[in-house]
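This is query_0.csv (CSV, C-alpha atoms).
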```csv
chain,number,residue,atom,x,y,z
A,431,MET,CA,18.4,2.3,0.0
A,432,ASP,CA,15.9,4.4,-2.0
A,433,ARG,CA,15.0,6.9,0.7
A,434,THR,CA,11.9,8.1,-1.1
A,435,LEU,CA,10.4,4.6,-1.2
A,436,LYS,CA,11.3,4.1,2.5
A,437,ALA,CA,9.7,7.5,3.3
A,438,LEU,CA,6.5,6.6,1.4
A,439,SER,CA,6.4,3.2,3.2
A,440,LEU,CA,6.5,5.0,6.6
A,441,THR,CA,4.0,7.7,5.5
A,442,LEU,CA,1.5,4.9,4.7
A,443,SER,CA,2.1,3.0,7.9
A,444,TYR,CA,-0.1,3.1,11.0
A,445,PRO,CA,0.7,6.4,12.9
A,446,SER,CA,2.7,6.0,16.1
A,447,VAL,CA,4.6,8.4,18.4
A,448,GLU,CA,7.8,7.3,16.7
A,449,LEU,CA,6.5,8.0,13.3
A,450,GLN,CA,5.2,11.4,14.3
A,451,ASP,CA,8.7,12.3,15.6
A,452,ALA,CA,10.2,11.1,12.2
A,453,MET,CA,7.7,13.0,10.0
A,454,PRO,CA,9.9,16.1,9.6
A,455,GLU,CA,12.7,13.9,8.2
A,456,ILE,CA,10.3,11.9,6.1
A,457,GLY,CA,8.8,15.1,4.7
A,458,ALA,CA,12.2,16.5,3.9
A,459,VAL,CA,13.1,13.4,1.9
A,460,LEU,CA,9.9,13.5,-0.2
A,461,ALA,CA,10.2,17.3,-0.7
A,462,THR,CA,13.6,16.9,-2.5
A,463,ASP,CA,13.0,14.0,-4.9
A,464,PRO,CA,13.0,15.4,-8.5
A,465,ARG,CA,11.3,12.2,-9.7
A,466,ILE,CA,8.1,13.5,-8.1
A,467,ALA,CA,6.2,16.4,-9.6
A,468,PRO,CA,6.5,19.7,-7.7
A,469,ASP,CA,2.7,19.9,-6.9
A,470,THR,CA,2.8,16.4,-5.6
A,471,ARG,CA,5.8,17.1,-3.4
A,472,ALA,CA,3.9,20.1,-2.0
A,473,ALA,CA,0.9,17.9,-1.2
A,474,LEU,CA,3.2,15.3,0.4
A,475,GLN,CA,4.6,18.1,2.6
A,476,THR,CA,1.1,19.0,3.7
A,477,LEU,CA,0.4,15.4,4.4
A,478,THR,CA,3.5,14.7,6.5
A,479,ASP,CA,3.1,18.0,8.3
A,480,GLY,CA,-0.4,17.0,9.3
A,481,LEU,CA,0.6,13.5,10.4
A,482,GLY,CA,3.5,14.9,12.4
A,483,ARG,CA,1.6,17.7,14.2
A,484,GLY,CA,-1.9,16.2,14.5
A,485,ASP,CA,-3.3,14.7,17.7
A,486,LEU,CA,-2.1,11.1,17.7
A,487,PHE,CA,-5.5,9.7,18.5
A,488,ASP,CA,-7.1,11.7,15.6
A,489,VAL,CA,-4.6,10.6,13.0
A,490,GLN,CA,-4.8,7.0,14.1
A,491,GLU,CA,-8.6,7.1,13.9
A,492,SER,CA,-8.4,8.6,10.5
A,493,TYR,CA,-6.0,5.9,9.3
A,494,VAL,CA,-8.2,3.1,10.6
A,495,MET,CA,-11.4,4.5,9.1
A,496,LEU,CA,-9.7,4.8,5.7
A,497,PHE,CA,-7.5,1.8,5.4
A,498,ASP,CA,-8.7,-0.8,7.9
A,499,ARG,CA,-12.5,-0.2,7.7
A,500,SER,CA,-12.7,0.4,4.0
A,501,ARG,CA,-12.0,-2.6,1.9
A,502,THR,CA,-12.0,-0.5,-1.3
A,503,LEU,CA,-9.0,1.3,0.2
A,504,SER,CA,-7.2,-1.7,1.5
A,505,LEU,CA,-3.4,-1.4,1.6
A,506,ASN,CA,-3.1,-5.2,1.1
A,507,LEU,CA,-2.6,-5.2,-2.7
A,508,PHE,CA,-3.7,-8.7,-3.4
A,509,GLU,CA,-7.1,-7.9,-1.9
A,510,HIS,CA,-7.8,-5.8,-5.0
A,511,VAL,CA,-6.8,-8.7,-7.2
A,512,HIS,CA,-7.8,-12.0,-5.6
A,513,GLY,CA,-10.2,-11.0,-2.8
A,514,GLU,CA,-10.2,-13.9,-0.4
A,515,SER,CA,-9.8,-16.6,-3.0
A,516,ARG,CA,-7.3,-19.4,-2.8
A,517,ASP,CA,-5.2,-17.7,-5.4
A,518,ARG,CA,-4.3,-15.0,-2.9
A,519,GLY,CA,-2.8,-17.6,-0.6
A,520,GLY,CA,-0.5,-18.9,-3.3
A,521,ALA,CA,0.5,-15.4,-4.4
A,522,MET,CA,1.3,-14.6,-0.8
A,523,VAL,CA,3.6,-17.6,-0.4
A,524,SER,CA,5.4,-16.6,-3.5
A,525,LEU,CA,5.8,-13.1,-2.4
A,526,ILE,CA,7.3,-14.2,1.0
A,527,GLU,CA,9.8,-16.4,-1.0
A,528,THR,CA,10.7,-13.4,-3.2
A,529,TYR,CA,11.4,-11.3,-0.1
A,530,ARG,CA,13.6,-14.0,1.4
A,531,GLU,CA,15.5,-14.5,-1.8
A,532,GLY,CA,16.3,-10.7,-1.7
A,533,GLY,CA,17.6,-11.0,1.8
A,534,PHE,CA,14.5,-9.2,3.2
A,535,GLU,CA,12.7,-10.5,6.3
A,536,PRO,CA,9.8,-8.1,7.2
A,537,ALA,CA,9.8,-7.2,10.9
A,538,THR,CA,6.0,-6.7,11.1
A,539,THR,CA,2.8,-8.6,11.7
A,540,GLU,CA,1.3,-7.3,8.5
A,541,LEU,CA,0.6,-9.5,5.5
A,542,PRO,CA,3.4,-9.6,2.9
A,543,ASP,CA,1.3,-7.8,0.3
A,544,HIS,CA,0.7,-4.9,2.7
A,545,LEU,CA,1.9,-1.9,0.6
A,546,PRO,CA,4.2,-0.4,3.2
A,547,VAL,CA,6.0,-3.8,3.5
A,548,LEU,CA,6.3,-4.0,-0.3
A,549,LEU,CA,7.7,-0.5,-0.5
A,550,GLU,CA,10.3,-1.2,2.2
A,551,PHE,CA,11.4,-4.2,0.2
A,552,LEU,CA,11.5,-2.2,-3.1
A,553,SER,CA,13.6,0.5,-1.4
A,554,THR,CA,16.4,-2.1,-1.4
A,555,ARG,CA,16.0,-3.1,-5.1
A,556,PRO,CA,17.4,-1.6,-8.3
A,557,PHE,CA,15.2,1.2,-9.6
A,558,ALA,CA,14.5,-0.5,-12.9
A,559,GLU,CA,12.9,-3.4,-10.9
A,560,VAL,CA,11.1,-0.9,-8.8
A,561,GLN,CA,9.6,0.8,-11.8
A,562,GLU,CA,8.4,-2.4,-13.3
A,563,THR,CA,6.7,-3.5,-10.1
A,564,LEU,CA,5.1,-0.1,-9.5
A,565,ALA,CA,3.9,0.1,-13.1
A,566,ASP,CA,2.1,-3.2,-12.7
A,567,ALA,CA,0.2,-1.8,-9.8
A,568,ALA,CA,-0.3,1.7,-11.2
A,569,HIS,CA,-4.0,1.3,-11.8
A,570,ILE,CA,-4.5,0.3,-8.1
A,571,PHE,CA,-2.6,3.5,-7.0
A,572,ASP,CA,-4.7,5.7,-9.3
A,573,ALA,CA,-8.0,4.1,-8.1
A,574,LEU,CA,-7.0,4.5,-4.5
A,575,ALA,CA,-5.9,8.1,-5.1
A,576,THR,CA,-9.3,8.9,-6.7
A,577,ARG,CA,-11.2,7.3,-3.8
A,578,LEU,CA,-9.1,9.3,-1.3
A,579,VAL,CA,-9.8,12.6,-3.1
A,580,ARG,CA,-13.5,11.8,-2.8
A,581,ARG,CA,-13.0,11.4,1.0
A,582,GLU,CA,-11.0,14.6,1.1
A,583,SER,CA,-8.0,12.8,2.5
A,584,GLY,CA,-4.5,14.1,1.9
A,585,TYR,CA,-3.2,10.5,1.7
A,586,ASP,CA,-4.0,10.6,-2.0
A,587,ALA,CA,-0.6,12.4,-2.6
A,588,ALA,CA,1.3,9.3,-1.6
A,589,PHE,CA,-0.4,7.2,-4.3
A,590,VAL,CA,0.0,9.9,-6.9
A,591,ALA,CA,3.7,9.9,-6.0
A,592,LEU,CA,3.9,6.2,-6.5
A,593,SER,CA,2.3,6.5,-9.9
A,594,GLN,CA,4.8,9.1,-10.9
A,595,LEU,CA,7.7,6.9,-9.7
A,596,ALA,CA,6.3,4.1,-11.8
A,597,GLY,CA,6.8,6.2,-14.9
A,598,ALA,CA,4.0,4.5,-16.8
A,599,GLN,CA,0.4,5.2,-17.7
A,600,SER,CA,-2.1,3.0,-15.8
A,601,ASP,CA,-4.7,0.9,-17.5
A,602,ALA,CA,-7.8,3.2,-17.7
A,603,GLU,CA,-10.1,0.2,-18.1
A,604,ALA,CA,-8.7,-1.4,-15.0
A,605,VAL,CA,-9.0,1.8,-13.0
A,606,ALA,CA,-12.6,2.2,-14.1
A,607,GLY,CA,-13.3,-1.4,-13.1
A,608,MET,CA,-12.0,-0.7,-9.6
A,609,LEU,CA,-13.9,2.6,-9.3
A,610,ALA,CA,-17.1,0.9,-10.4
A,611,GLN,CA,-17.2,-0.9,-7.0
A,612,PRO,CA,-19.2,1.0,-4.5
A,613,ASP,CA,-17.3,2.8,-1.7
A,614,ASP,CA,-17.5,1.2,1.7
A,615,ASP,CA,-19.1,3.1,4.6
A,616,PRO,CA,-16.6,2.7,7.4
A,617,THR,CA,-19.2,3.8,10.0
A,618,ASP,CA,-21.6,0.9,9.1
A,619,LEU,CA,-20.1,-1.8,11.4
A,620,GLU,CA,-22.8,-4.3,10.6
A,621,ALA,CA,-22.0,-4.2,6.9
A,622,LEU,CA,-18.3,-4.3,7.7
A,623,ASP,CA,-18.7,-7.5,9.7
A,624,ALA,CA,-20.7,-9.1,6.8
A,625,VAL,CA,-18.0,-8.1,4.3
A,626,TRP,CA,-15.2,-9.7,6.3
A,627,GLU,CA,-17.1,-12.9,7.1
A,628,GLU,CA,-15.6,-14.8,4.1
A,629,THR,CA,-13.2,-17.6,3.5
A,630,GLU,CA,-10.0,-17.2,5.4
A,631,VAL,CA,-6.9,-16.9,3.3
A,632,THR,CA,-4.7,-20.0,3.7
A,633,PHE,CA,-0.9,-20.2,3.4
A,634,GLY,CA,-0.2,-23.7,2.2
A,635,PRO,CA,2.4,-25.1,-0.2
A,636,ASP,CA,1.5,-24.2,-3.8
A,637,PRO,CA,3.0,-26.4,-6.5
A,638,ASN,CA,2.7,-23.6,-9.0
A,639,ALA,CA,4.1,-20.9,-6.7
A,640,GLY,CA,7.8,-21.1,-7.4
A,641,CYS,CA,9.9,-18.0,-6.7
A,642,PRO,CA,9.0,-15.3,-9.3
A,643,GLN,CA,10.0,-11.7,-9.1
A,644,VAL,CA,7.5,-9.4,-7.4
A,645,ARG,CA,6.5,-7.8,-10.7
A,646,ASP,CA,5.5,-11.2,-12.1
A,647,MET,CA,3.0,-11.7,-9.3
A,648,LEU,CA,1.7,-8.1,-9.7
A,649,ALA,CA,1.5,-8.4,-13.5
A,650,GLN,CA,-2.0,-9.9,-13.2
A,651,MET,CA,-3.3,-6.9,-11.4
A,652,ASP,CA,-4.5,-5.4,-14.7
A,653,ALA,CA,-7.6,-7.6,-14.2
A,654,PRO,CA,-8.8,-6.8,-10.7
A,655,LYS,CA,-11.6,-9.0,-9.5
A,656,ARG,CA,-12.8,-7.4,-6.3
A,657,PRO,CA,-11.5,-4.6,-4.2
A,658,GLY,CA,-11.5,-5.4,-0.9
A,659,PRO,CA,0.4,-1.2,10.1
A,660,GLN,CA,4.0,-0.9,10.0
A,661,PRO,CA,7.7,-0.9,9.2
A,662,GLY,CA,9.8,0.7,11.8
A,663,PRO,CA,10.7,4.4,11.4
A,664,GLY,CA,14.1,5.6,10.4
A,665,LEU,CA,15.5,6.7,7.0
A,666,ALA,CA,19.2,6.3,7.4
A,667,ALA,CA,20.8,4.8,4.3
A,668,GLU,CA,21.9,1.3,4.7
```
Written as structure tokens, how would this file's structure read?
Amino acid sequence: MDRTLKALSLTLSYPSVELQDAMPEIGAVLATDPRIAPDTRAALQTLTDGLGRGDLFDVQESYVMLFDRSRTLSLNLFEHVHGESRDRGGAMVSLIETYREGGFEPATTELPDHLPVLLEFLSTRPFAEVQETLADAAHIFDALATRLVRRESGYDAAFVALSQLAGAQSDAEAVAGMLAQPDDDPTDLEALDAVWEETEVTFGPDPNAGCPQVRDMLAQMDAPKRPGPQPGPGLAAE
């Protein structure tokens, strides 16, 4: 298991008592990975310290306001590619099949394209495959990191770390396209309801779905159309 990817998966999961208890171990894993730049490791340490020591209600509320009430910060990656179109359903089916082919069955109610779920899966894969997959989504990570900096959230460090692990330059035009979308106001509940009143994603058989690798499905992320918790804690190697 790639313990850093597992640690990032947990860091980006909905905060719970169990996760708070695990944050010292999670922070220690991230602090010692030489693949991540020293300043980013320091920022991750600040983030995990805050998540571990903060009032649980406060950190949960912050998480919800960022990732659940802000579609432009959605952790469901296909949201930034397909929105609520039918294409997203087919991509989701293919991703589930890819997980199962890799012997991975997510123990969560989250959608399969939820970033913490994908990272937990990638933590079990060869690093060359991991880098290809992360590189295909690097522009999403960079755009989310920029939006989080604007909101003065320490979560940006997790996305900067993912970009560094990808080891590839993101598509500047794709990043700019995502950032051109206006930021959501998570306190405007009426506007939030209107945004989410769209066509429901369906998960039916797709004759073109097949069983591609994760990176093949994420490869189309370089042309985002519209921007829009949790694996169990524990970092023991398997």
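Across A:Asn506, A:Ser492, A:Thr434, A:Thr538, the tightest approach to A:Arg471 is made by A:Thr434 when counting all atoms listed in the file.
With atom CA of A:Asp469 on one side and atom CA of A:Ser500 on the other, the separation reads 27.1 Å.
In this comparison, which uses only C-alpha atoms, the residue of A:Met431, A:Ile466, A:Ala521, A:Leu477 approaching A:Leu552 most closely is A:Met431.
We find atom CA of A:Gly597 and atom CA of A:Arg465 to be spaced 9.1 Å apart.
Of the listed residues (A:Ala558, A:Leu609, A:Ile526, A:Met453), A:Ile526 comes nearest to A:Glu540; the distances count only C-alpha atoms.
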**Study point:** Best match for closeness to A:Leu503 among A:Leu474, A:Ala598, A:Val579, A:Leu486, counting only C-alpha atoms
**Key:** A:Val579
Check your understanding: If you measure from atom CA of A:Asp613 to atom CA of A:Thr502, what distance in Å do you get, rounded to one decimal?
Key -> 6.3 Å
Study note, to complete from the structure: One residue among A:Val605, A:Ala467, A:Gly532, A:Glu582 is nearest to A:Pro556 when using only C-alpha atoms, and that residue is A:Gly532
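Comparing the minimum interatomic distances between A:Ser446 and each of A:Thr470, A:Thr476, A:Thr462, A:Asp488, counting only C-alpha atoms, we find that A:Asp488 sits nearest.
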Point to revise | Non-local contacts of A:Asp586 (9 Å; all atoms listed in the file; under 6 positions in same chain excluded) as a PyMOL selection string | key: chain A and resi 473-474+571-572+574-579
